[in-house]
Amino acid sequence: MSSKPNRPLRVVIPPVPEGTSAGKWWPVTVEVDWIETPYIDGKPDPTVLKDADIYIGTDFNAEMGKAAKSLQAILIAAAGYDRIEPSTVPQGVVVANAYHHEAPIAEWVMAVAVALDHNLIANDRNFRNGDWSGWPSRYGSYRELYGRTFGIIGYGAIGKRVARLANAYEMNVIAAGRSPDTAEEAETDGVKYGSGQEAIDQVLSDADFVLVSTPLIDSTRGLIGEREIGLMRQDAYLINPARGHIVDEKALYEALASNSITGAAIDTWYEYPVSETDSPRPSKYPFWELDNIIMTPHHSGATFGTRDRRAETVAANIDRIAKGQQLVNVLTDISTI
C-alpha cells in the first residue's frame, strides 16, 4: 500500500456479537469507519461495498467485484480462500488471509485418530445402553497408535503440527507435499518426506492413518479419488479437516460403506447452510447412516484462540493499510487460488 488515506478507512464486516464493539472484536489501533452488515451465504449485499476500502470475508464473486469501486483489500479472517473467485477481484486489490488454526486442528486430528482406533464413540454409546460387547473379554484386544504409521498429504502448517503430535505418540510419520525443497526440514522434524504423485501414492499405501491437509485449489480438487482410496490398506483410516472437495464424495462413501477402508473422520463437507436457519445434509450420500465415520460440522479449528489470533492478524493488516505499509499473508498470485 503506497499512501495513507486522508479519512478513516471504511471496513465492511459482518455483525459482531452483542455486547462487544467492532473495535474490540477487530483490535485496530487506527480510526476506522466500521460498516456492519448481515452476510448471507458468506456474502454481504454487494451495494454495501460501493464506497468500502476494505472487505473482511471469505467469499467474493462477480457481483461484489462490480460494486466494489474503491476497494483496496480483501482480508480473509480464515486460511481457506477457495470461495474467492480470482477473476472477479478488481485490479490492484490485495487479498490476504489469516491462519492460526493449526494447533486446534492438530488436536482434533489426534483426538479422532484415537477415537477411531479405540472405537470410543460406539463403545460409549453401547455401554450406556447396557451392552458389554466392547469389553475386551468379549471383543478382544484393541490397536494402539504407538508404533503405527501416520501419513500426511499436504505438509504445510497443519501437516507439520500434526507430525509433531504424531511423533509424541511415537508413531512413524511420512508425508507428501508439493515442494521437494521441504525434504530437509521434514527430516529434521523426524518425518520421511516426498513430493509429487509418487509420494502421495506411497503415503496412501503405507499409512495406517491418512491425513488430508492441502488447500483446495484447482490442482487438489478431487486429488483423492477412487484410485487413490483404492491404494489405502483395508485397515486404514482417512482423516479430512481440509476441504471436502479434495476427496471425491462418491468414492469416499463407497469405500466406507463397503469397508474397503476401516473408517474416516471428516470435518469438511460438500454442502453447507446458506442462511442462519437452514440445515442441509452435508452430502448427497448418507454418510450419517454409517457406523465407521466420525462426522463434525467444520469445527476443528474454531476455537477462541484461533478467532482471537486471526482477528489480531486482520486488524494489524488494517493498520498497515492505514499507514501505507505492506500487508502480511498476501496471496501473491491471485490467479492460482
# chains A, B, ... in the order shown; residues from 1 in each chain; ligands from 1

$ residues_around --residues "region 37-42 of chain A" --least-positions-apart "4" --cutoff "6 Å" --atoms "only C-alpha atoms" --output "list in words"
Pro14, Pro15, Asp59, Val274 and Ser275 of chain A

$ write_last_selection --atoms "C-alpha atoms" --output "PDB file, in the first residue's frame"
ATOM      1  CA  PRO A  14     -20.431  -8.999   9.482  1.00  0.00           C
ATOM      2  CA  PRO A  15     -22.210  -8.019  12.717  1.00  0.00           C
ATOM      3  CA  ASP A  59     -16.467 -15.050  -0.208  1.00  0.00           C
ATOM      4  CA  VAL A 274     -26.604 -20.743   3.226  1.00  0.00           C
ATOM      5  CA  SER A 275     -28.675 -18.977   5.890  1.00  0.00           C
TER       6      SER A 275
END

$ select_by_dssp --residues "region 32-172 of chain A" --states "strand (DSSP E)" --output "number ranges by chain"
A: 32-36, 54-56, 73-75, 94-96, 149-153, 172

$ closest_residue --among "A:Ala113, A:Ile229, A:Ala255, A:Leu71" --to "Val94 (chain A)" --atoms "only C-alpha atoms"
A:Leu71

$ residues_around --residues "Val191 (chain A)" --least-positions-apart "5" --cutoff "12 Å" --atoms "only C-alpha atoms" --output "PyMOL selection string"
chain A and resi 149-152+155+159-167+170-177+182-186+203

$ write_last_selection --atoms "C-alpha atoms" --output "mmCIF file, in the first residue's frame"
data_model
loop_
_atom_site.group_PDB
_atom_site.id
_atom_site.type_symbol
_atom_site.label_atom_id
_atom_site.label_comp_id
_atom_site.auth_asym_id
_atom_site.auth_seq_id
_atom_site.Cartn_x
_atom_site.Cartn_y
_atom_site.Cartn_z
ATOM 1 C CA THR A 149 2.400 -45.068 10.636
ATOM 2 C CA PHE A 150 0.775 -41.668 10.288
ATOM 3 C CA GLY A 151 0.634 -40.340 6.726
ATOM 4 C CA ILE A 152 0.207 -36.681 5.806
ATOM 5 C CA TYR A 155 2.932 -30.666 4.566
ATOM 6 C CA GLY A 159 0.634 -31.089 8.496
ATOM 7 C CA LYS A 160 3.758 -30.019 10.380
ATOM 8 C CA ARG A 161 1.826 -29.528 13.613
ATOM 9 C CA VAL A 162 0.187 -32.947 13.296
ATOM 10 C CA ALA A 163 3.589 -34.501 12.607
ATOM 11 C CA ARG A 164 4.882 -33.131 15.910
ATOM 12 C CA LEU A 165 1.952 -34.624 17.811
ATOM 13 C CA ALA A 166 2.184 -37.968 15.991
ATOM 14 C CA ASN A 167 5.879 -38.086 16.864
ATOM 15 C CA GLU A 170 5.996 -42.403 18.935
ATOM 16 C CA MET A 171 4.441 -43.067 15.545
ATOM 17 C CA ASN A 172 6.290 -43.290 12.240
ATOM 18 C CA VAL A 173 5.412 -40.172 10.251
ATOM 19 C CA ILE A 174 5.512 -39.974 6.458
ATOM 20 C CA ALA A 175 4.385 -37.032 4.340
ATOM 21 C CA ALA A 176 3.839 -35.898 0.768
ATOM 22 C CA GLY A 177 3.882 -32.272 -0.328
ATOM 23 C CA THR A 182 10.834 -29.292 2.128
ATOM 24 C CA ALA A 183 12.627 -32.635 2.496
ATOM 25 C CA GLU A 184 15.475 -31.342 4.670
ATOM 26 C CA GLU A 185 13.112 -29.526 7.049
ATOM 27 C CA ALA A 186 10.870 -32.591 7.276
ATOM 28 C CA VAL A 203 1.627 -42.325 1.793
#

$ select_by_dssp --residues "region 13-94 of chain A" --states "helix (DSSP H, G or I)" --output "ChimeraX atom specification"
/A:22-25,46-49,62-67,86-88

$ write_last_selection --atoms "N, CA and C atoms" --output "short mmCIF file (atom, residue, chain, number, x, y, z; two decimals), in the first residue's frame"
data_model
loop_
_atom_site.label_atom_id
_atom_site.label_comp_id
_atom_site.auth_asym_id
_atom_site.auth_seq_id
_atom_site.Cartn_x
_atom_site.Cartn_y
_atom_site.Cartn_z
N ALA A 22 -17.09 -3.37 17.36
CA ALA A 22 -16.25 -3.78 16.24
C ALA A 22 -14.77 -3.55 16.54
N GLY A 23 -14.48 -2.43 17.21
CA GLY A 23 -13.10 -2.11 17.52
C GLY A 23 -12.45 -3.07 18.50
N LYS A 24 -13.26 -3.67 19.36
CA LYS A 24 -12.72 -4.67 20.29
C LYS A 24 -12.61 -6.04 19.61
N TRP A 25 -13.59 -6.33 18.75
CA TRP A 25 -13.57 -7.60 18.02
C TRP A 25 -12.41 -7.64 17.04
N PRO A 46 -23.98 -6.74 -2.21
CA PRO A 46 -22.89 -6.09 -2.97
C PRO A 46 -22.90 -4.57 -2.90
N THR A 47 -24.08 -3.96 -2.79
CA THR A 47 -24.14 -2.49 -2.78
C THR A 47 -23.40 -1.89 -1.59
N VAL A 48 -23.24 -2.67 -0.52
CA VAL A 48 -22.54 -2.18 0.67
C VAL A 48 -21.07 -1.92 0.36
N LEU A 49 -20.55 -2.58 -0.66
CA LEU A 49 -19.13 -2.45 -0.99
C LEU A 49 -18.82 -1.23 -1.85
N ALA A 62 -18.55 -12.10 -8.72
CA ALA A 62 -18.58 -11.09 -9.78
C ALA A 62 -19.45 -9.89 -9.39
N GLU A 63 -20.59 -10.14 -8.80
CA GLU A 63 -21.48 -9.06 -8.41
C GLU A 63 -20.82 -8.14 -7.39
N MET A 64 -20.09 -8.73 -6.48
CA MET A 64 -19.37 -7.93 -5.49
C MET A 64 -18.24 -7.14 -6.14
N GLY A 65 -17.54 -7.79 -7.08
CA GLY A 65 -16.45 -7.11 -7.76
C GLY A 65 -16.89 -5.90 -8.55
N LYS A 66 -18.07 -5.99 -9.18
CA LYS A 66 -18.59 -4.86 -9.95
C LYS A 66 -18.98 -3.70 -9.05
N ALA A 67 -19.45 -4.02 -7.85
CA ALA A 67 -19.91 -2.98 -6.93
C ALA A 67 -18.77 -2.29 -6.19
N PRO A 86 -11.10 -15.63 -8.30
CA PRO A 86 -9.98 -14.77 -8.70
C PRO A 86 -10.31 -13.77 -9.79
N SER A 87 -11.07 -14.20 -10.81
CA SER A 87 -11.34 -13.33 -11.95
C SER A 87 -12.24 -12.15 -11.59
N THR A 88 -12.87 -12.21 -10.42
CA THR A 88 -13.80 -11.14 -10.04
C THR A 88 -13.16 -10.09 -9.14
#

$ atom_distance --atom1 "CA of Glu85 (chain A)" --atom2 "CA of Phe60 (chain A)"
6.0 Å

$ closest_residue --among "A:Ala73, A:Ile224, A:Leu216, A:Val32" --to "Asp248 (chain A)" --atoms "only C-alpha atoms"
A:Ile224

$ atom_distance --atom1 "CA of Tyr285 (chain A)" --atom2 "CA of Leu256 (chain A)"
11.2 Å

$ closest_residue --among "A:Ile84, A:Val30, A:Ala199, A:Leu290" --to "Glu254 (chain A)" --atoms "only C-alpha atoms"
A:Leu290

$ atom_distance --atom1 "CA of Ala242 (chain A)" --atom2 "CA of His299 (chain A)"
11.0 Å

$ residues_around --residues "region 178-181 of chain A" --least-positions-apart "5" --cutoff "10 Å" --atoms "only C-alpha atoms" --output "list of chain:residue names"
A:Ile153, A:Gly154, A:Tyr155, A:Gly156, A:Ala186, A:Tyr193, A:Gly194, A:Ser195, A:Gly196, A:Gln197, A:Ala199, A:Ile200, A:Thr214

$ write_last_selection --atoms "N, CA and C atoms" --output "mmCIF file, in the first residue's frame"
data_model
loop_
_atom_site.group_PDB
_atom_site.id
_atom_site.type_symbol
_atom_site.label_atom_id
_atom_site.label_comp_id
_atom_site.auth_asym_id
_atom_site.auth_seq_id
_atom_site.Cartn_x
_atom_site.Cartn_y
_atom_site.Cartn_z
ATOM 1 N N ILE A 153 -0.801 -35.855 3.764
ATOM 2 C CA ILE A 153 -0.796 -35.341 2.391
ATOM 3 C C ILE A 153 -1.036 -33.844 2.474
ATOM 4 N N GLY A 154 0.015 -33.073 2.223
ATOM 5 C CA GLY A 154 -0.020 -31.628 2.383
ATOM 6 C C GLY A 154 0.771 -31.235 3.607
ATOM 7 N N TYR A 155 2.049 -30.903 3.421
ATOM 8 C CA TYR A 155 2.932 -30.666 4.566
ATOM 9 C C TYR A 155 3.117 -29.175 4.821
ATOM 10 N N GLY A 156 1.981 -28.498 5.077
ATOM 11 C CA GLY A 156 2.016 -27.089 5.452
ATOM 12 C C GLY A 156 1.945 -26.946 6.959
ATOM 13 N N ALA A 186 11.670 -31.468 6.790
ATOM 14 C CA ALA A 186 10.870 -32.591 7.276
ATOM 15 C C ALA A 186 11.747 -33.625 7.983
ATOM 16 N N TYR A 193 9.776 -37.669 4.016
ATOM 17 C CA TYR A 193 9.025 -36.766 3.129
ATOM 18 C C TYR A 193 9.347 -37.033 1.664
ATOM 19 N N GLY A 194 8.312 -36.882 0.833
ATOM 20 C CA GLY A 194 8.494 -36.921 -0.613
ATOM 21 C C GLY A 194 7.551 -35.946 -1.274
ATOM 22 N N SER A 195 7.775 -35.652 -2.534
ATOM 23 C CA SER A 195 6.925 -34.702 -3.250
ATOM 24 C C SER A 195 6.390 -35.333 -4.527
ATOM 25 N N GLY A 196 5.227 -34.828 -4.951
ATOM 26 C CA GLY A 196 4.635 -35.293 -6.193
ATOM 27 C C GLY A 196 3.720 -36.491 -6.013
ATOM 28 N N GLN A 197 3.144 -36.963 -7.128
ATOM 29 C CA GLN A 197 2.147 -38.018 -7.097
ATOM 30 C C GLN A 197 2.702 -39.333 -6.558
ATOM 31 N N ALA A 199 4.902 -39.757 -4.282
ATOM 32 C CA ALA A 199 4.967 -39.655 -2.820
ATOM 33 C C ALA A 199 3.580 -39.768 -2.207
ATOM 34 N N ILE A 200 2.573 -39.165 -2.860
ATOM 35 C CA ILE A 200 1.190 -39.283 -2.381
ATOM 36 C C ILE A 200 0.762 -40.741 -2.374
ATOM 37 N N THR A 214 -4.203 -30.367 2.560
ATOM 38 C CA THR A 214 -3.826 -29.458 1.485
ATOM 39 C C THR A 214 -4.894 -28.370 1.340
#

$ residues_around --residues "Glu144 (chain A)" --least-positions-apart "2" --cutoff "9 Å" --atoms "only C-alpha atoms" --output "PDB file with N, CA and C atoms, in the first residue's frame"
ATOM      1  N   VAL A 114      -7.421 -41.364  17.770  1.00  0.00           N
ATOM      2  CA  VAL A 114      -7.583 -42.227  18.942  1.00  0.00           C
ATOM      3  C   VAL A 114      -9.006 -42.773  19.012  1.00  0.00           C
ATOM      4  N   ASP A 117      -9.554 -45.515  16.370  1.00  0.00           N
ATOM      5  CA  ASP A 117      -8.781 -46.724  16.595  1.00  0.00           C
ATOM      6  C   ASP A 117      -9.264 -47.506  17.821  1.00  0.00           C
ATOM      7  N   HIS A 118      -9.759 -46.785  18.823  1.00  0.00           N
ATOM      8  CA  HIS A 118     -10.222 -47.427  20.055  1.00  0.00           C
ATOM      9  C   HIS A 118     -11.745 -47.618  20.067  1.00  0.00           C
ATOM     10  N   TYR A 142      -7.564 -54.258  21.405  1.00  0.00           N
ATOM     11  CA  TYR A 142      -7.628 -53.088  20.527  1.00  0.00           C
ATOM     12  C   TYR A 142      -6.226 -52.738  20.024  1.00  0.00           C
ATOM     13  N   TYR A 146       0.774 -46.133  19.125  1.00  0.00           N
ATOM     14  CA  TYR A 146       2.204 -46.348  19.316  1.00  0.00           C
ATOM     15  C   TYR A 146       2.773 -47.296  18.250  1.00  0.00           C
ATOM     16  N   GLY A 147       3.816 -46.824  17.556  1.00  0.00           N
ATOM     17  CA  GLY A 147       4.499 -47.655  16.573  1.00  0.00           C
ATOM     18  C   GLY A 147       3.833 -47.741  15.211  1.00  0.00           C
ATOM     19  N   ARG A 148       2.667 -47.145  15.055  1.00  0.00           N
ATOM     20  CA  ARG A 148       1.949 -47.191  13.776  1.00  0.00           C
ATOM     21  C   ARG A 148       2.471 -46.088  12.847  1.00  0.00           C
TER      22      ARG A 148
END

$ closest_residue --among "A:Val330, A:Val210, A:Ile239, A:Ile35" --to "Asn97 (chain A)" --atoms "only C-alpha atoms"
A:Val330

$ closest_residue --among "A:Leu238, A:Ala264, A:Ile294, A:Ala311" --to "Pro27 (chain A)" --atoms "only C-alpha atoms"
A:Ala311

$ residues_around --residues "Arg281 (chain A)" --least-positions-apart "5" --cutoff "12 Å" --atoms "only C-alpha atoms" --output "PyMOL selection string"
chain A and resi 269-273+286-289+295+297

$ decode --residues "region 138-250 of chain A" --atoms "C-alpha atoms" --output "mmCIF file, in the first residue's frame"
data_model
loop_
_atom_site.group_PDB
_atom_site.id
_atom_site.type_symbol
_atom_site.label_atom_id
_atom_site.label_comp_id
_atom_site.auth_asym_id
_atom_site.auth_seq_id
_atom_site.Cartn_x
_atom_site.Cartn_y
_atom_site.Cartn_z
ATOM 1 C CA ARG A 138 -15.697 -60.446 24.670
ATOM 2 C CA TYR A 139 -14.420 -58.074 21.977
ATOM 3 C CA GLY A 140 -10.737 -58.917 22.117
ATOM 4 C CA SER A 141 -7.777 -56.567 22.043
ATOM 5 C CA TYR A 142 -7.628 -53.088 20.527
ATOM 6 C CA ARG A 143 -4.920 -51.482 18.477
ATOM 7 C CA GLU A 144 -2.803 -48.555 19.652
ATOM 8 C CA LEU A 145 -1.232 -45.548 17.923
ATOM 9 C CA TYR A 146 2.204 -46.348 19.316
ATOM 10 C CA GLY A 147 4.499 -47.655 16.573
ATOM 11 C CA ARG A 148 1.949 -47.191 13.776
ATOM 12 C CA THR A 149 2.400 -45.068 10.636
ATOM 13 C CA PHE A 150 0.775 -41.668 10.288
ATOM 14 C CA GLY A 151 0.634 -40.340 6.726
ATOM 15 C CA ILE A 152 0.207 -36.681 5.806
ATOM 16 C CA ILE A 153 -0.796 -35.341 2.391
ATOM 17 C CA GLY A 154 -0.020 -31.628 2.383
ATOM 18 C CA TYR A 155 2.932 -30.666 4.566
ATOM 19 C CA GLY A 156 2.016 -27.089 5.452
ATOM 20 C CA ALA A 157 1.310 -25.547 8.852
ATOM 21 C CA ILE A 158 -1.335 -28.120 9.789
ATOM 22 C CA GLY A 159 0.634 -31.089 8.496
ATOM 23 C CA LYS A 160 3.758 -30.019 10.380
ATOM 24 C CA ARG A 161 1.826 -29.528 13.613
ATOM 25 C CA VAL A 162 0.187 -32.947 13.296
ATOM 26 C CA ALA A 163 3.589 -34.501 12.607
ATOM 27 C CA ARG A 164 4.882 -33.131 15.910
ATOM 28 C CA LEU A 165 1.952 -34.624 17.811
ATOM 29 C CA ALA A 166 2.184 -37.968 15.991
ATOM 30 C CA ASN A 167 5.879 -38.086 16.864
ATOM 31 C CA ALA A 168 4.919 -37.531 20.500
ATOM 32 C CA TYR A 169 2.823 -40.713 20.241
ATOM 33 C CA GLU A 170 5.996 -42.403 18.935
ATOM 34 C CA MET A 171 4.441 -43.067 15.545
ATOM 35 C CA ASN A 172 6.290 -43.290 12.240
ATOM 36 C CA VAL A 173 5.412 -40.172 10.251
ATOM 37 C CA ILE A 174 5.512 -39.974 6.458
ATOM 38 C CA ALA A 175 4.385 -37.032 4.340
ATOM 39 C CA ALA A 176 3.839 -35.898 0.768
ATOM 40 C CA GLY A 177 3.882 -32.272 -0.328
ATOM 41 C CA ARG A 178 4.322 -30.068 -3.354
ATOM 42 C CA SER A 179 7.906 -28.901 -2.892
ATOM 43 C CA PRO A 180 10.988 -31.140 -2.926
ATOM 44 C CA ASP A 181 12.771 -28.342 -1.014
ATOM 45 C CA THR A 182 10.834 -29.292 2.128
ATOM 46 C CA ALA A 183 12.627 -32.635 2.496
ATOM 47 C CA GLU A 184 15.475 -31.342 4.670
ATOM 48 C CA GLU A 185 13.112 -29.526 7.049
ATOM 49 C CA ALA A 186 10.870 -32.591 7.276
ATOM 50 C CA GLU A 187 13.834 -34.832 8.079
ATOM 51 C CA THR A 188 14.723 -32.502 10.938
ATOM 52 C CA ASP A 189 11.140 -32.918 12.159
ATOM 53 C CA GLY A 190 11.528 -36.691 12.113
ATOM 54 C CA VAL A 191 9.346 -37.071 9.020
ATOM 55 C CA LYS A 192 10.030 -39.159 5.918
ATOM 56 C CA TYR A 193 9.025 -36.766 3.129
ATOM 57 C CA GLY A 194 8.494 -36.921 -0.613
ATOM 58 C CA SER A 195 6.925 -34.702 -3.250
ATOM 59 C CA GLY A 196 4.635 -35.293 -6.193
ATOM 60 C CA GLN A 197 2.147 -38.018 -7.097
ATOM 61 C CA GLU A 198 4.517 -40.894 -6.396
ATOM 62 C CA ALA A 199 4.967 -39.655 -2.820
ATOM 63 C CA ILE A 200 1.190 -39.283 -2.381
ATOM 64 C CA ASP A 201 0.687 -42.859 -3.566
ATOM 65 C CA GLN A 202 3.339 -44.054 -1.129
ATOM 66 C CA VAL A 203 1.627 -42.325 1.793
ATOM 67 C CA LEU A 204 -1.728 -43.798 0.818
ATOM 68 C CA SER A 205 -0.277 -47.303 0.506
ATOM 69 C CA ASP A 206 1.836 -47.324 3.669
ATOM 70 C CA ALA A 207 -0.079 -45.334 6.284
ATOM 71 C CA ASP A 208 -2.418 -46.561 8.996
ATOM 72 C CA PHE A 209 -3.876 -43.040 9.149
ATOM 73 C CA VAL A 210 -4.010 -40.708 6.141
ATOM 74 C CA LEU A 211 -4.440 -37.004 6.876
ATOM 75 C CA VAL A 212 -5.596 -34.691 4.091
ATOM 76 C CA SER A 213 -4.248 -31.199 4.841
ATOM 77 C CA THR A 214 -3.826 -29.458 1.485
ATOM 78 C CA PRO A 215 -5.602 -26.265 0.409
ATOM 79 C CA LEU A 216 -8.418 -26.587 -2.112
ATOM 80 C CA ILE A 217 -7.107 -25.242 -5.415
ATOM 81 C CA ASP A 218 -7.600 -26.442 -8.995
ATOM 82 C CA SER A 219 -4.809 -28.997 -8.709
ATOM 83 C CA THR A 220 -6.136 -30.527 -5.473
ATOM 84 C CA ARG A 221 -9.840 -30.713 -6.329
ATOM 85 C CA GLY A 222 -10.594 -34.439 -6.448
ATOM 86 C CA LEU A 223 -6.982 -35.197 -5.531
ATOM 87 C CA ILE A 224 -8.098 -38.221 -3.519
ATOM 88 C CA GLY A 225 -10.370 -40.207 -5.825
ATOM 89 C CA GLU A 226 -11.336 -43.820 -6.354
ATOM 90 C CA ARG A 227 -7.838 -44.804 -7.491
ATOM 91 C CA GLU A 228 -6.166 -43.127 -4.529
ATOM 92 C CA ILE A 229 -8.564 -44.524 -1.920
ATOM 93 C CA GLY A 230 -8.064 -47.905 -3.548
ATOM 94 C CA LEU A 231 -4.373 -47.687 -2.658
ATOM 95 C CA MET A 232 -5.177 -47.484 1.050
ATOM 96 C CA ARG A 233 -4.984 -50.567 3.217
ATOM 97 C CA GLN A 234 -8.269 -52.094 4.334
ATOM 98 C CA ASP A 235 -7.378 -51.424 7.987
ATOM 99 C CA ALA A 236 -6.517 -47.748 7.388
ATOM 100 C CA TYR A 237 -8.374 -44.545 8.243
ATOM 101 C CA LEU A 238 -8.837 -41.304 6.284
ATOM 102 C CA ILE A 239 -8.945 -38.004 8.193
ATOM 103 C CA ASN A 240 -10.005 -34.801 6.396
ATOM 104 C CA PRO A 241 -10.137 -31.412 8.153
ATOM 105 C CA ALA A 242 -9.062 -29.579 4.959
ATOM 106 C CA ARG A 243 -11.822 -29.213 2.350
ATOM 107 C CA GLY A 244 -14.476 -31.699 1.320
ATOM 108 C CA HIS A 245 -13.936 -31.465 -2.411
ATOM 109 C CA ILE A 246 -10.299 -32.549 -2.157
ATOM 110 C CA VAL A 247 -11.710 -36.042 -1.603
ATOM 111 C CA ASP A 248 -14.122 -37.489 -4.158
ATOM 112 C CA GLU A 249 -17.501 -37.671 -2.420
ATOM 113 C CA LYS A 250 -18.790 -40.848 -4.090
#
